[in-house]
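File shown here: run-v2.cif, holding mmCIF, C-alpha atoms.
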data_structure
#
loop_
_atom_site.label_atom_id
_atom_site.label_comp_id
_atom_site.auth_asym_id
_atom_site.auth_seq_id
_atom_site.Cartn_x
_atom_site.Cartn_y
_atom_site.Cartn_z
CA MET A 1 -78.27 28.41 -107.82
CA ARG A 2 -75.09 30.15 -106.72
CA LEU A 3 -74.80 31.91 -110.09
CA ARG A 4 -78.39 33.16 -109.85
CA LEU A 5 -77.79 34.51 -106.33
CA THR A 6 -74.60 36.23 -107.46
CA ALA A 7 -76.40 37.82 -110.41
CA LEU A 8 -79.23 38.99 -108.12
CA PHE A 9 -76.71 40.49 -105.68
CA LEU A 10 -74.95 42.37 -108.48
CA MET A 11 -78.29 43.68 -109.79
CA LEU A 12 -79.18 44.95 -106.31
CA LEU A 13 -75.82 46.70 -106.04
CA MET A 14 -76.25 48.33 -109.44
CA SER A 15 -79.78 49.41 -108.52
CA ALA A 16 -78.59 50.97 -105.25
CA ALA A 17 -75.76 52.77 -107.04
CA SER A 18 -78.08 54.15 -109.70
CA ALA A 19 -80.57 55.31 -107.04
CA ALA A 20 -77.92 57.32 -105.21
CA PRO A 21 -77.75 60.91 -106.47
CA ALA A 22 -74.61 61.76 -108.41
CA PRO A 23 -72.55 64.70 -107.15
CA GLN A 24 -72.13 67.83 -109.23
CA GLN A 25 -68.61 69.18 -109.76
CA VAL A 26 -68.22 72.84 -108.97
CA ASP A 27 -65.15 75.02 -109.45
CA ILE A 28 -64.20 77.41 -106.67
CA PRO A 29 -61.71 80.20 -107.36
CA LEU A 30 -58.44 80.30 -105.44
CA SER A 31 -55.76 82.97 -105.66
CA SER A 32 -53.44 80.31 -107.11
CA GLY A 33 -55.88 78.39 -109.31
CA ILE A 34 -59.14 76.48 -109.10
CA LEU A 35 -60.42 74.28 -106.28
CA HIS A 36 -62.56 71.48 -107.67
CA ALA A 37 -65.31 70.26 -105.36
CA GLN A 38 -68.12 67.71 -105.44
CA LEU A 39 -71.55 68.92 -104.37
CA PHE A 40 -74.45 66.82 -103.09
CA LYS A 41 -77.56 68.96 -102.83
CA PRO A 42 -81.15 68.12 -101.86
CA GLU A 43 -83.86 68.72 -104.42
CA GLY A 44 -85.56 72.10 -104.30
CA GLU A 45 -84.51 75.72 -103.94
CA GLY A 46 -83.57 75.70 -100.25
CA PRO A 47 -82.18 77.37 -98.33
CA PHE A 48 -80.44 74.26 -97.01
CA PRO A 49 -78.09 73.78 -94.07
CA THR A 50 -74.76 72.91 -95.66
CA VAL A 51 -71.72 70.93 -94.58
CA ILE A 52 -68.20 71.44 -95.92
CA ALA A 53 -66.72 67.94 -95.69
CA LEU A 54 -62.95 67.40 -95.66
CA HIS A 55 -61.34 64.20 -96.90
CA GLY A 56 -58.42 62.45 -95.24
CA CYS A 57 -54.88 61.91 -96.52
CA GLY A 58 -56.03 59.26 -99.01
CA GLY A 59 -57.86 61.89 -101.07
CA LEU A 60 -61.47 62.40 -102.04
CA GLY A 61 -61.92 60.12 -105.03
CA SER A 62 -60.25 57.72 -107.42
CA HIS A 63 -59.85 57.31 -111.17
CA SER A 64 -63.25 55.60 -111.38
CA GLU A 65 -65.32 57.67 -108.95
CA PRO A 66 -65.16 61.31 -107.83
CA VAL A 67 -66.12 60.49 -104.23
CA LEU A 68 -64.95 57.33 -102.49
CA PRO A 69 -67.64 55.05 -100.98
CA ARG A 70 -66.63 55.92 -97.42
CA TYR A 71 -67.37 59.59 -98.06
CA ARG A 72 -70.40 58.98 -100.28
CA ASP A 73 -71.90 57.03 -97.38
CA TRP A 74 -71.66 60.11 -95.16
CA ALA A 75 -72.95 62.36 -97.95
CA MET A 76 -76.06 60.19 -98.28
CA ARG A 77 -76.67 60.28 -94.52
CA LEU A 78 -76.35 64.05 -94.42
CA LEU A 79 -78.58 64.46 -97.48
CA LYS A 80 -81.31 62.41 -95.81
CA THR A 81 -81.38 64.91 -92.94
CA GLY A 82 -81.77 67.83 -95.35
CA ASN A 83 -78.13 68.96 -95.59
CA ALA A 84 -76.25 69.88 -98.72
CA VAL A 85 -72.66 68.57 -98.67
CA LEU A 86 -69.68 70.20 -100.39
CA TRP A 87 -66.48 68.15 -100.72
CA PRO A 88 -63.47 70.29 -101.73
CA ASP A 89 -60.81 68.12 -103.39
CA SER A 90 -57.59 69.52 -101.96
CA TYR A 91 -55.31 66.97 -103.64
CA GLY A 92 -56.97 66.29 -106.99
CA SER A 93 -57.30 70.02 -107.64
CA ARG A 94 -53.51 70.26 -107.40
CA GLU A 95 -52.97 67.11 -109.48
CA LEU A 96 -51.77 65.15 -106.45
CA GLY A 97 -52.56 61.60 -105.39
CA PRO A 98 -52.76 60.28 -101.81
CA GLN A 99 -50.54 62.11 -99.35
CA CYS A 100 -50.54 59.61 -96.47
CA ARG A 101 -46.99 58.36 -97.00
CA VAL A 102 -45.45 61.41 -98.63
CA LYS A 103 -42.39 62.63 -96.77
CA GLU A 104 -42.62 66.23 -97.97
CA MET A 105 -46.25 67.35 -97.96
CA HIS A 106 -47.21 69.60 -100.87
CA VAL A 107 -50.57 70.42 -99.25
CA SER A 108 -50.43 71.31 -95.57
CA ALA A 109 -53.40 70.90 -93.23
CA ARG A 110 -52.34 74.14 -91.57
CA ARG A 111 -52.00 76.25 -94.76
CA GLU A 112 -53.41 75.09 -98.11
CA ARG A 113 -56.28 73.12 -96.64
CA VAL A 114 -57.34 76.03 -94.43
CA ILE A 115 -57.25 78.22 -97.57
CA ASP A 116 -59.51 75.64 -99.27
CA ILE A 117 -61.94 75.77 -96.35
CA ALA A 118 -62.11 79.57 -96.48
CA ALA A 119 -62.61 79.54 -100.28
CA SER A 120 -65.38 76.93 -99.96
CA ARG A 121 -67.15 79.00 -97.33
CA ALA A 122 -66.86 82.18 -99.43
CA TRP A 123 -68.32 80.35 -102.44
CA LEU A 124 -71.21 79.00 -100.39
CA MET A 125 -72.01 82.45 -99.02
CA LYS A 126 -72.83 83.51 -102.61
CA GLN A 127 -75.23 80.64 -103.33
CA SER A 128 -78.95 81.39 -103.00
CA TRP A 129 -79.77 77.82 -101.93
CA VAL A 130 -77.48 77.96 -98.86
CA ALA A 131 -78.75 78.77 -95.36
CA ARG A 132 -75.84 81.12 -94.68
CA ASP A 133 -76.16 80.90 -90.89
CA ARG A 134 -76.11 77.08 -90.97
CA VAL A 135 -72.83 76.16 -92.67
CA SER A 136 -70.82 73.60 -90.72
CA LEU A 137 -67.54 71.68 -91.04
CA ILE A 138 -66.81 67.95 -90.84
CA GLY A 139 -63.37 66.45 -91.40
CA TRP A 140 -61.66 63.06 -91.25
CA ALA A 141 -58.04 62.49 -90.19
CA ASN A 142 -55.92 65.02 -92.13
CA GLY A 143 -59.11 66.90 -93.02
CA ALA A 144 -60.02 66.97 -89.33
CA SER A 145 -56.60 68.37 -88.50
CA ALA A 146 -57.19 71.14 -91.06
CA LEU A 147 -60.56 71.79 -89.42
CA LEU A 148 -58.86 72.32 -86.05
CA TRP A 149 -56.71 75.05 -87.60
CA ALA A 150 -59.64 76.63 -89.45
CA VAL A 151 -61.78 77.14 -86.33
CA ARG A 152 -59.09 78.84 -84.26
CA PRO A 153 -59.97 82.44 -83.30
CA GLN A 154 -56.84 83.75 -85.04
CA VAL A 155 -57.91 82.55 -88.51
CA ALA A 156 -58.98 85.32 -90.92
CA THR A 157 -62.35 83.63 -91.59
CA ALA A 158 -63.43 84.78 -88.14
CA ARG A 159 -63.19 88.40 -89.36
CA ASP A 160 -64.94 87.86 -92.71
CA PRO A 161 -68.39 89.40 -93.20
CA GLY A 162 -71.36 87.09 -92.84
CA PRO A 163 -72.18 84.31 -90.38
CA ASP A 164 -69.37 82.10 -89.11
CA PHE A 165 -69.53 78.31 -89.16
CA ARG A 166 -72.38 76.97 -87.07
CA ALA A 167 -70.53 73.87 -85.85
CA ALA A 168 -67.50 71.67 -86.50
CA ILE A 169 -66.94 67.92 -86.14
CA ALA A 170 -63.47 66.33 -86.31
CA PHE A 171 -63.08 62.57 -86.77
CA TYR A 172 -59.78 61.28 -85.33
CA PRO A 173 -57.56 64.33 -86.02
CA ASP A 174 -53.89 64.46 -85.10
CA CYS A 175 -54.18 66.71 -82.04
CA ARG A 176 -50.55 66.62 -80.91
CA ILE A 177 -49.44 69.95 -82.39
CA SER A 178 -52.68 71.72 -81.49
CA ALA A 179 -52.53 70.45 -77.91
CA GLY A 180 -49.01 71.78 -77.52
CA LEU A 181 -49.96 75.21 -78.90
CA GLY A 182 -52.87 75.82 -76.56
CA TRP A 183 -55.66 75.26 -79.07
CA SER A 184 -59.02 76.97 -78.75
CA THR A 185 -62.02 77.39 -81.03
CA ARG A 186 -64.45 80.14 -81.93
CA VAL A 187 -66.99 77.56 -83.19
CA PRO A 188 -68.73 74.75 -81.22
CA THR A 189 -66.41 71.84 -81.99
CA LEU A 190 -66.84 68.09 -81.42
CA VAL A 191 -63.91 65.65 -81.61
CA LEU A 192 -64.71 61.97 -82.21
CA ILE A 193 -61.96 59.37 -81.76
CA GLY A 194 -61.51 55.71 -80.83
CA ALA A 195 -59.87 54.86 -77.52
CA ASN A 196 -57.48 52.45 -79.30
CA ASP A 197 -56.56 54.83 -82.13
CA ASP A 198 -52.82 54.32 -82.64
CA VAL A 199 -52.65 56.50 -85.76
CA SER A 200 -53.85 59.65 -84.05
CA SER A 201 -53.54 60.22 -80.29
CA PRO A 202 -56.63 60.07 -78.05
CA PRO A 203 -54.71 61.45 -75.02
CA ALA A 204 -53.51 64.45 -77.05
CA CYS A 205 -57.05 65.14 -78.27
CA ARG A 206 -58.39 64.96 -74.73
CA GLN A 207 -55.64 67.29 -73.53
CA MET A 208 -56.39 69.70 -76.37
CA VAL A 209 -60.14 69.84 -75.69
CA GLU A 210 -59.85 70.01 -71.91
CA GLY A 211 -57.21 72.73 -72.22
CA ALA A 212 -59.65 74.89 -74.19
CA HIS A 213 -62.29 74.93 -71.46
CA GLY A 214 -62.93 78.38 -70.04
CA ARG A 215 -61.24 80.30 -72.87
CA SER A 216 -62.99 78.96 -75.93
CA ALA A 217 -66.31 78.32 -77.60
CA LEU A 218 -67.91 75.00 -76.69
CA ALA A 219 -65.54 72.06 -77.27
CA ARG A 220 -66.37 68.42 -76.56
CA ILE A 221 -64.68 65.07 -77.14
CA VAL A 222 -66.19 61.61 -77.43
CA VAL A 223 -63.82 58.65 -77.06
CA TYR A 224 -65.37 55.38 -78.22
CA PRO A 225 -64.18 52.37 -76.16
CA GLY A 226 -62.27 49.73 -78.12
CA ALA A 227 -62.44 51.60 -81.44
CA TYR A 228 -59.50 52.19 -83.79
CA HIS A 229 -58.79 54.68 -86.58
CA ASP A 230 -61.41 54.68 -89.38
CA PHE A 231 -63.99 53.18 -87.00
CA ASP A 232 -66.83 54.85 -88.96
CA ARG A 233 -65.81 53.39 -92.32
CA ALA A 234 -68.16 50.55 -93.26
CA ASN A 235 -67.10 46.93 -93.91
CA THR A 236 -63.41 47.37 -93.14
CA GLN A 237 -61.80 44.52 -91.25
CA LEU A 238 -59.36 45.60 -88.54
CA HIS A 239 -55.85 45.46 -89.96
CA ALA A 240 -52.39 46.94 -89.55
CA ALA A 241 -51.81 49.86 -91.91
CA GLY A 242 -48.07 49.26 -92.01
CA GLY A 243 -48.54 45.78 -93.41
CA SER A 244 -49.81 46.98 -96.78
CA ASN A 245 -48.52 48.96 -99.74
CA ASP A 246 -51.66 51.09 -99.85
CA ALA A 247 -50.58 54.66 -100.57
CA ALA A 248 -53.94 55.86 -99.26
CA ALA A 249 -53.34 54.40 -95.79
CA PRO A 250 -51.19 55.72 -92.93
CA GLU A 251 -47.72 54.28 -92.48
CA HIS A 252 -48.45 52.86 -89.05
CA GLY A 253 -51.26 51.91 -86.69
CA HIS A 254 -54.45 49.94 -87.13
CA LEU A 255 -57.59 50.67 -89.17
CA GLY A 256 -61.02 49.11 -89.11
CA THR A 257 -64.75 49.36 -88.62
CA ASP A 258 -66.23 49.33 -85.14
CA ALA A 259 -69.97 48.77 -85.60
CA GLU A 260 -70.96 50.21 -82.24
CA ALA A 261 -68.77 53.31 -82.51
CA ARG A 262 -69.90 53.81 -86.13
CA ALA A 263 -73.56 53.78 -85.09
CA GLU A 264 -72.95 56.05 -82.10
CA SER A 265 -70.93 58.53 -84.17
CA GLN A 266 -73.77 58.82 -86.69
CA LYS A 267 -76.09 59.82 -83.82
CA ASP A 268 -73.49 62.20 -82.37
CA VAL A 269 -73.01 63.93 -85.74
CA ALA A 270 -76.75 64.36 -86.26
CA HIS A 271 -77.19 65.76 -82.75
CA TRP A 272 -74.26 68.19 -83.01
CA LEU A 273 -75.43 69.61 -86.34
CA THR A 274 -78.98 70.24 -85.09
CA ARG A 275 -78.29 71.37 -81.53
#

How does the structure come out when it is put into structure tokens?
Amino acid sequence: MRLRLTALFLMLLMSAASAAPAPQQVDIPLSSGILHAQLFKPEGEGPFPTVIALHGCGGLGSHSEPVLPRYRDWAMRLLKTGNAVLWPDSYGSRELGPQCRVKEMHVSARRERVIDIAASRAWLMKQSWVARDRVSLIGWANGASALLWAVRPQVATARDPGPDFRAAIAFYPDCRISAGLGWSTRVPTLVLIGANDDVSSPPACRQMVEGAHGRSALARIVVYPGAYHDFDRANTQLHAAGGSNDAAAPEHGHLGTDAEARAESQKDVAHWLTR
């Protein structure tokens, strides 16, 4: 009986995986090479609202899959609401693995990843299926930190021809540098973080957002009570990152799913993108 149930479970998993649309790899020109990206696009000609989604320090994919399950989950949710999703692979494009525990970063959130964001936006502006006035940003951890740099008024993208980003959503970024530099945004920006996040800093993110009031585009923060880093990642038991040898995990702090915060963040994302 147990063997039959196991076989049925595996068949259901395989069926679900085959039903999920496969991403298409696209190549985006950079001044120093090619930025590989994975594209999830609804069926039809569009134009579609589009999200540029930014992976964390663990990277976008693995040897066996171009987009990790945690990011594919978000891609499927965004697809269901009619969004196309473009995932630039900032590390794989430069033949790098996870950068969570690397002492000397070869790809900086403040420089190379902002360049990747600008290149992704420029590529999207040339695609006929894109609703050019409805391109938004979502980032996680290191990708969210890059997002915070990319939406600052000083960034060159703000002076490029064509519509700017419609909205930006940052999941648990490291706000400490931005808070100290007097961060502001030219794009409506939402920061989502767990109150117990001991990888990033909820107080720094609150200080950063509150400090931008009155001299910035709309900026909001949601702090989910009791939630830790990676709260939106499904089926992840709360654990200490420092207790593992996982190169795709931070060196310190705790990671794990918070079912309530995960559900609330999904609603908050949907609302922010359609407001």

Practice task
Name the residues captured by the PyMOL selection byres ((chain A and resi 135-146) around 8) when it is applied to the shown file; answer as number ranges by chain.
Solution key: A: 49-57, 109-110, 113-114, 121, 130-134, 147-150, 164-175, 200, 273

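Summary of the local environment: counting all atoms listed in the file, residues at most 9 Å from Arg186 (chain A), other than itself and those fewer than 3 positions away along its chain, are Val151, Arg152, Pro153, Gln154, Ala158, Asp164, Thr189, Ser216, Ala217 and Leu218 of chain A.
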
Residues within 10 Å of Ile177 (chain A), please, as a PDB file with C-alpha atoms, in the coordinates of the input. Count only C-alpha atoms; anything in the same chain fewer than 4 positions from it doesn't count.
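And here is the file that came out, around01.pdb:
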ATOM      1  CA  SER A 145     -56.600  68.370 -88.500  1.00  0.00           C
ATOM      2  CA  LEU A 181     -49.960  75.210 -78.900  1.00  0.00           C
ATOM      3  CA  GLY A 182     -52.870  75.820 -76.560  1.00  0.00           C
ATOM      4  CA  TRP A 183     -55.660  75.260 -79.070  1.00  0.00           C
ATOM      5  CA  ALA A 204     -53.510  64.450 -77.050  1.00  0.00           C
ATOM      6  CA  CYS A 205     -57.050  65.140 -78.270  1.00  0.00           C
ATOM      7  CA  MET A 208     -56.390  69.700 -76.370  1.00  0.00           C
TER       8      MET A 208
END

Practice task
Go through A:Val191, A:Leu96, A:Leu39, A:Ile221 and flag the residue nearest Arg72 (chain A), using all atoms listed in the file for the distances.
Solution key: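 Using all atoms listed in the file, the shortest distance to Arg72 (chain A) belongs to A:Leu39.
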
Practice task
Rank A:Gly226, A:Leu124, A:Arg206, A:Gln266 by their smallest atom-to-atom distance to Leu78 (chain A), using all atoms listed in the file, and report the top residue only.
Solution key: A:Gln266
